[in-house]
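Chemist: I'd like to ask some things about the structure below.
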Amino acid sequence: TKILFWNLSFFGFNEVVKLDVDGFLSNSRKVASLIRKVKPTEFVMLAADVQVFKRVSSVPAYKHDVAYLGMYHRSKSKEVAELVIHESAQFDLAIYGSGWDENQILKPFWKGKLPTADIPSLYSSAKVVLGTTEDRQRKAGMINNRVFEALACGARFISEHSVELEEVFGDSIYYSRNAGDTSAHIKQILVNNGRAEQRIMKGVKLILEKHTYDYRVSQILDFYRTL
């Protein structure tokens, strides 16, 4: 038996490197390069479980123009929130997740927590899905699970820009680099739904070909054989 630890966070990093394991996995190239000094390490991104995250029938309750799923806490980047989420407030915006009752500006758009089983329905029903990356994750080049899962469900996905996101997803994502970009993307999508459909199919195809957990397991097994 070989035991691998998949490190997906900076929390407890000093203790992680002391774990009695045979090797590490990390979804950050920067973190992988650090842990590799301790034990064999492989860069492995997150992915989508396409048996769960796939296009499903639209649900009337989730037919929002714009939807955002994620928890709120004060340590998240105010600049990214303003760039991606606040600009969407002029549309039919729905926010799901815990903690948003503490955000007085966005609280009116909060719909409460979303049942986990309903995530594919939300992603398949909303016309636009927003995504954000925490500063510490973005600085480490990490890509969170929501990007993979939303694209697998055929979402028109808008996110703040990062080099890693563009390298992996290309133009399958709508990137917001400057103020006004998010609202411009939303208007374009709502007006020209046919063009957005082409990008949807491209995103779904990309996930199915390169970013499923079947694909990740093959990577992990290749790494295991080197041990």
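Here's how to read the names in the structure tokens: chain A, B, ... by the order shown, residue numbers from 1 in each chain, ligand numbers from 1 in the order shown.
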From stretch 9-171 of chain A, collect each residue whose DSSP state is strand (DSSP E) and return the set as a list in words.
Modeler: Gly23, Phe24, Leu25, Ser26, Thr41, Glu42, Phe43, Val66, Ala67, Tyr68, Leu69, Leu93, Ala94, Ile95, Tyr96, Val128, Val129, Leu130, Gly131, Phe157, Ile158, Ser159 and Glu160 of chain A
Chemist: Keeping only C-alpha atoms, write the selected residues to a file as an mmCIF file, in the first residue's frame.
Modeler:
data_model
loop_
_atom_site.group_PDB
_atom_site.id
_atom_site.type_symbol
_atom_site.label_atom_id
_atom_site.label_comp_id
_atom_site.auth_asym_id
_atom_site.auth_seq_id
_atom_site.Cartn_x
_atom_site.Cartn_y
_atom_site.Cartn_z
ATOM 1 C CA GLY A 23 3.928 10.999 -1.406
ATOM 2 C CA PHE A 24 1.872 14.119 -1.982
ATOM 3 C CA LEU A 25 -0.492 15.468 -4.602
ATOM 4 C CA SER A 26 -1.218 19.186 -4.958
ATOM 5 C CA THR A 41 4.950 15.080 -5.217
ATOM 6 C CA GLU A 42 2.697 15.262 -8.278
ATOM 7 C CA PHE A 43 0.702 18.243 -9.568
ATOM 8 C CA VAL A 66 -27.266 35.318 -12.882
ATOM 9 C CA ALA A 67 -26.366 32.916 -10.055
ATOM 10 C CA TYR A 68 -23.471 32.710 -7.627
ATOM 11 C CA LEU A 69 -22.762 29.769 -5.328
ATOM 12 C CA LEU A 93 -29.039 37.965 -9.358
ATOM 13 C CA ALA A 94 -29.393 35.054 -6.939
ATOM 14 C CA ILE A 95 -26.717 34.215 -4.366
ATOM 15 C CA TYR A 96 -26.598 30.830 -2.635
ATOM 16 C CA VAL A 128 -25.069 32.965 -16.213
ATOM 17 C CA VAL A 129 -22.988 31.465 -13.396
ATOM 18 C CA LEU A 130 -20.420 33.580 -11.568
ATOM 19 C CA GLY A 131 -17.202 32.282 -10.054
ATOM 20 C CA PHE A 157 -19.257 30.961 -16.583
ATOM 21 C CA ILE A 158 -17.845 34.381 -15.683
ATOM 22 C CA SER A 159 -14.783 34.676 -13.442
ATOM 23 C CA GLU A 160 -12.046 37.116 -12.579
#
Chemist: Name all residues at most 12 Å from A:Ile189 (count only C-alpha atoms; drop same-chain ones fewer than 4 positions away) and give them as an MDAnalysis selection string.
Modeler: chainID A and resid 65:66 126:129 155:158 174 182:185 193:200
Chemist: With stretch 4-11 of chain A as the partner and 9 Å as the cut-off, tabulate the residues of stretch 83-150 of chain A that qualify, each row holding the nearest pair of atoms and their distance in Å to one decimal, using only C-alpha atoms, sorted by chain and rising number, as a Markdown table.
Modeler:
| residue | atom | partner | partner_atom | distance |
| --- | --- | --- | --- | --- |
| A:Arg136 | CA | A:Phe10 | CA | 8.2 |
| A:Gln137 | CA | A:Ser9 | CA | 7.8 |
| A:Met142 | CA | A:Leu8 | CA | 8.2 |
Chemist: Measuring between only C-alpha atoms, which one of A:Val204, A:Lys210, A:Trp100, A:Val80 shows the shortest distance to A:Ser162?
Modeler: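 Using only C-alpha atoms, A:Ser162 sits closest to A:Val80.
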Chemist: Of the candidates A:Ala81, A:Leu206, A:Leu151, A:Leu190, which one gets nearest to A:Arg55 if we count only C-alpha atoms?
Modeler: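 Answer, going by the shortest atom-to-atom distance: A:Leu151.
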Chemist: If we count only C-alpha atoms and set the cut-off at 12 Å, which residues sit around A:Val217, ignoring sequence neighbours fewer than 2 positions away in its own chain? Please answer as an MDAnalysis selection string.
Modeler: chainID A and resid 25 44:47 49 210:215 219:224
Chemist: Going by DSSP on the backbone, which residues of stretch 18-180 of chain A come out as helix (DSSP H, G or I)? List them as a ChimeraX atom specification.
Modeler: /A:29-35,60-62,78-84,86-90,100-102,107-109,116-125,135-139,145-152,163-172
Chemist: One decimal, Å: what's the distance from atom CA of A:Ser75 over to atom CA of A:Phe109, could you say?
Modeler: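 So the answer is 20.2 Å.
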